[in-house]
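The structure under discussion appears below in the form of structure tokens.
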Amino acid sequence: MTIGVTVLGSTGSIGRATLEVLRRHRDRFHVVALTGATNAELLAEQARAWRPAYVGLAQGGNTDCLVEAATRPDVRIVVNGIVGAAGLEATLAALRAGKRVALANKETLVMAGDVVTRAAREGGGELVPVDSEHSAVLQCLGGRPPDHVARLILTASGGPFRTWTPERVARATVAEALNHPTWRMGRKITVDSATLVNKALEVIEAHFLFGVRYDQVDVVVHPQSMIHAIVEFVDGSTLAQVSAPTMELPILYALTHPERRPDAAAPRLDLVAAGALTFEPIDFALFPAYGLGRAAGEAGGTAPAIFNAANEIAVERFLEGALPFGRIAPVIGAALARHVAAPADTLSAVLAADAEGRRLALEAACS
Ligand SMILES: NC(=O)c1ccc[n+]([C@@H]2O[C@H](COP(=O)([O-])OP(=O)(O)OC[C@H]3O[C@@H](n4cnc5c(N)ncnc54)[C@H](OP(=O)(O)O)[C@@H]3O)[C@@H](O)[C@H]2O)c1
């Protein structure tokens, strides 16, 4: 019997890569449900190709179809490839229903880390990362206990502005921000990679996924995107996960973990062709939003939800041409400065913080 999979956000970059992986592994998995939001045409095409039992179009804030798709009894794995806070309810529902959630939708874990991890514990669900860095950590850990781990080192490509001056970055256009050097992804995460907000989100994600303190999560800039993460163990030994920059590998691993499946189509590592692998520290002056995100993580409670919500608004405004790139970090900073952090241990507290973060960011963006 093959394993039933729901793909939330099947019309997006992660969703399309997931369907490609599932196509190659049809002998092991079948698609039960697909969801999209605005791209009804592609969703219909996918539905014709896959003939799933359920298809949902989440329009106008309607999340019922996401929850329905994520909790069907014939589904064992839910790949959450939705962008932003909109993926939260479906993640919670799937975990409470005891499903494995292959999570690309990192915003969910950042805004509601305690609520999401508790839903997994209580419902018997399982969170498996799709993010390449966290998949790398999971692979390096190999099931070893937390007290063997000294430190996690996540890598960052540095995005398109790594070698620019802060003055030039502040005036970057939408086209320049969307021109990522190593990854082809959706628009929001591509902008997040240019501000390095994405890396701050990933630091918070690592804290919740692996139960490590923030001072145990370091980030190093590695422009070639070949090493995805390194785990340092308590005896000083380090293990790294190295592979070509493709999301198909971490998606497949999230589906099969802790097993591995042969995948002849996966690109093989050619170290000679890869050339020099280089590393450099993060320039905090060039990427101020990264520091804001780390600080929000360390502050805890509702601060990460504010950080995430304010960033979603700032990026939306930037992509609409209504906010200069250089204003993204100040807008996030203003929202965080005006928020009084509170516990984020209930869904209603998280949703209230999310709404407040959006309001504060809109006010800051318009001032
Ligand atoms: N792309 C990558 O390589 C990559 C790598 C690591 C992590 N991630 C994470 O994966 C997530 C998805 O990224 P992406 O690059 O795949 O984004 P994307 O290409 O923009 O796709 C987003 C998907 O979410 C759907 N969606 C958007 N708003 C929605 C809403 N309100 N309710 C329900 N569905 C909604 C979209 O549907 P329509 O297209 O039909 O509107 C689309 O299917 C993000 O959290 C990102 O950080 C992505």
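The way I read the labels, and the way they are meant: chains A, B, ... in the order of the structure tokens, residue 1 as the first residue of every chain, and ligand 1 as the first ligand shown, with later ones counted on from there.
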Can you work out which residues are within 8 Å of ligand 1, considering only C-alpha atoms and all ligand atoms, and then hand them over as an MDAnalysis selection string?
chainID A and resid 8:16 35:40 42:43 57:63 66 80:87 103:108 130:132 183:190 198 246:247
Selection: 9 Å around Phe279 (chain A), only C-alpha atoms, excl. self and same-chain fewer than 6 positions, as a PyMOL selection string:
chain A and resi 155+220-223
Please, could you write that set of residues out with N, CA and C atoms as an mmCIF file, in the first residue's frame?
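File produced: again34.cif:
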data_model
loop_
_atom_site.group_PDB
_atom_site.id
_atom_site.type_symbol
_atom_site.label_atom_id
_atom_site.label_comp_id
_atom_site.auth_asym_id
_atom_site.auth_seq_id
_atom_site.Cartn_x
_atom_site.Cartn_y
_atom_site.Cartn_z
ATOM 1 N N THR A 155 24.052 27.490 7.421
ATOM 2 C CA THR A 155 24.713 28.330 6.417
ATOM 3 C C THR A 155 23.679 29.243 5.744
ATOM 4 N N VAL A 220 26.710 31.058 9.405
ATOM 5 C CA VAL A 220 27.883 31.498 8.658
ATOM 6 C C VAL A 220 27.465 31.663 7.193
ATOM 7 N N VAL A 221 28.001 32.709 6.560
ATOM 8 C CA VAL A 221 27.683 32.938 5.147
ATOM 9 C C VAL A 221 28.563 32.012 4.297
ATOM 10 N N HIS A 222 27.888 31.278 3.407
ATOM 11 C CA HIS A 222 28.572 30.296 2.551
ATOM 12 C C HIS A 222 27.940 30.432 1.162
ATOM 13 N N PRO A 223 28.517 31.313 0.310
ATOM 14 C CA PRO A 223 27.827 31.709 -0.928
ATOM 15 C C PRO A 223 27.545 30.570 -1.896
#
Once DSSP has gone over the backbone, tell me which residues of region 162-221 of chain A are in helix (DSSP H, G or I), as number ranges by chain.
A: 166-170, 174-177, 187-195, 197-210, 214-216
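One distance worth recording is that between CA of Ala33 (chain A) and CA of Val78 (chain A), which is 9.1 Å.
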Closest atom pairs, region 108-191 of chain A residues within 10 Å of region 291-301 of chain A, only C-alpha atoms, as a tab-separated table:
residue	atom	partner	partner_atom	distance
A:Val110	CA	A:Gly297	CA	8.3
A:Met111	CA	A:Gly301	CA	9.2
A:Ala112	CA	A:Gly301	CA	9.0
A:Gly113	CA	A:Gly301	CA	9.3
A:Asp114	CA	A:Gly301	CA	8.9
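When CA of Ala364 (chain A) is paired with CA of Ala303 (chain A), their separation reads 16.7 Å.
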May I have the residues within 12 Å of Ile332 (chain A) as number ranges by chain, using only C-alpha atoms and disregarding those fewer than 4 positions away in the same chain?
A: 195, 197, 288-293, 295-296, 303-315, 326-328, 336-339, 357-365
Within 10 Å of Arg96 (chain A), counting only C-alpha atoms, which residues qualify if same-chain residues fewer than 4 places away don't, as a count of residues only?
14
Could you find all residues in region 227-313 of chain A that DSSP calls strand (DSSP E) from the backbone, and write them as a PyMOL selection string?
chain A and resi 227-233+238-242
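Across the model, the gap from CA of Val79 (chain A) to CA of Tyr54 (chain A) is 14.7 Å.
Within the 10 Å cut-off around region 163-177 of chain A, using only C-alpha atoms and omitting residues fewer than 3 positions from it on the same chain, the listed residues are A:Gly158, A:Gly159, A:Pro160, A:His180, A:Arg187, A:Thr190, A:Val191, A:Asp192, A:Ser193, A:Ala194, A:Thr195, A:Ala285, A:Leu286, A:Phe287, A:Pro288, A:Phe318, A:Leu319, A:Glu320, A:Gly321, A:Pro324, A:Phe325, A:Gly326, A:Arg327, A:Ile328.
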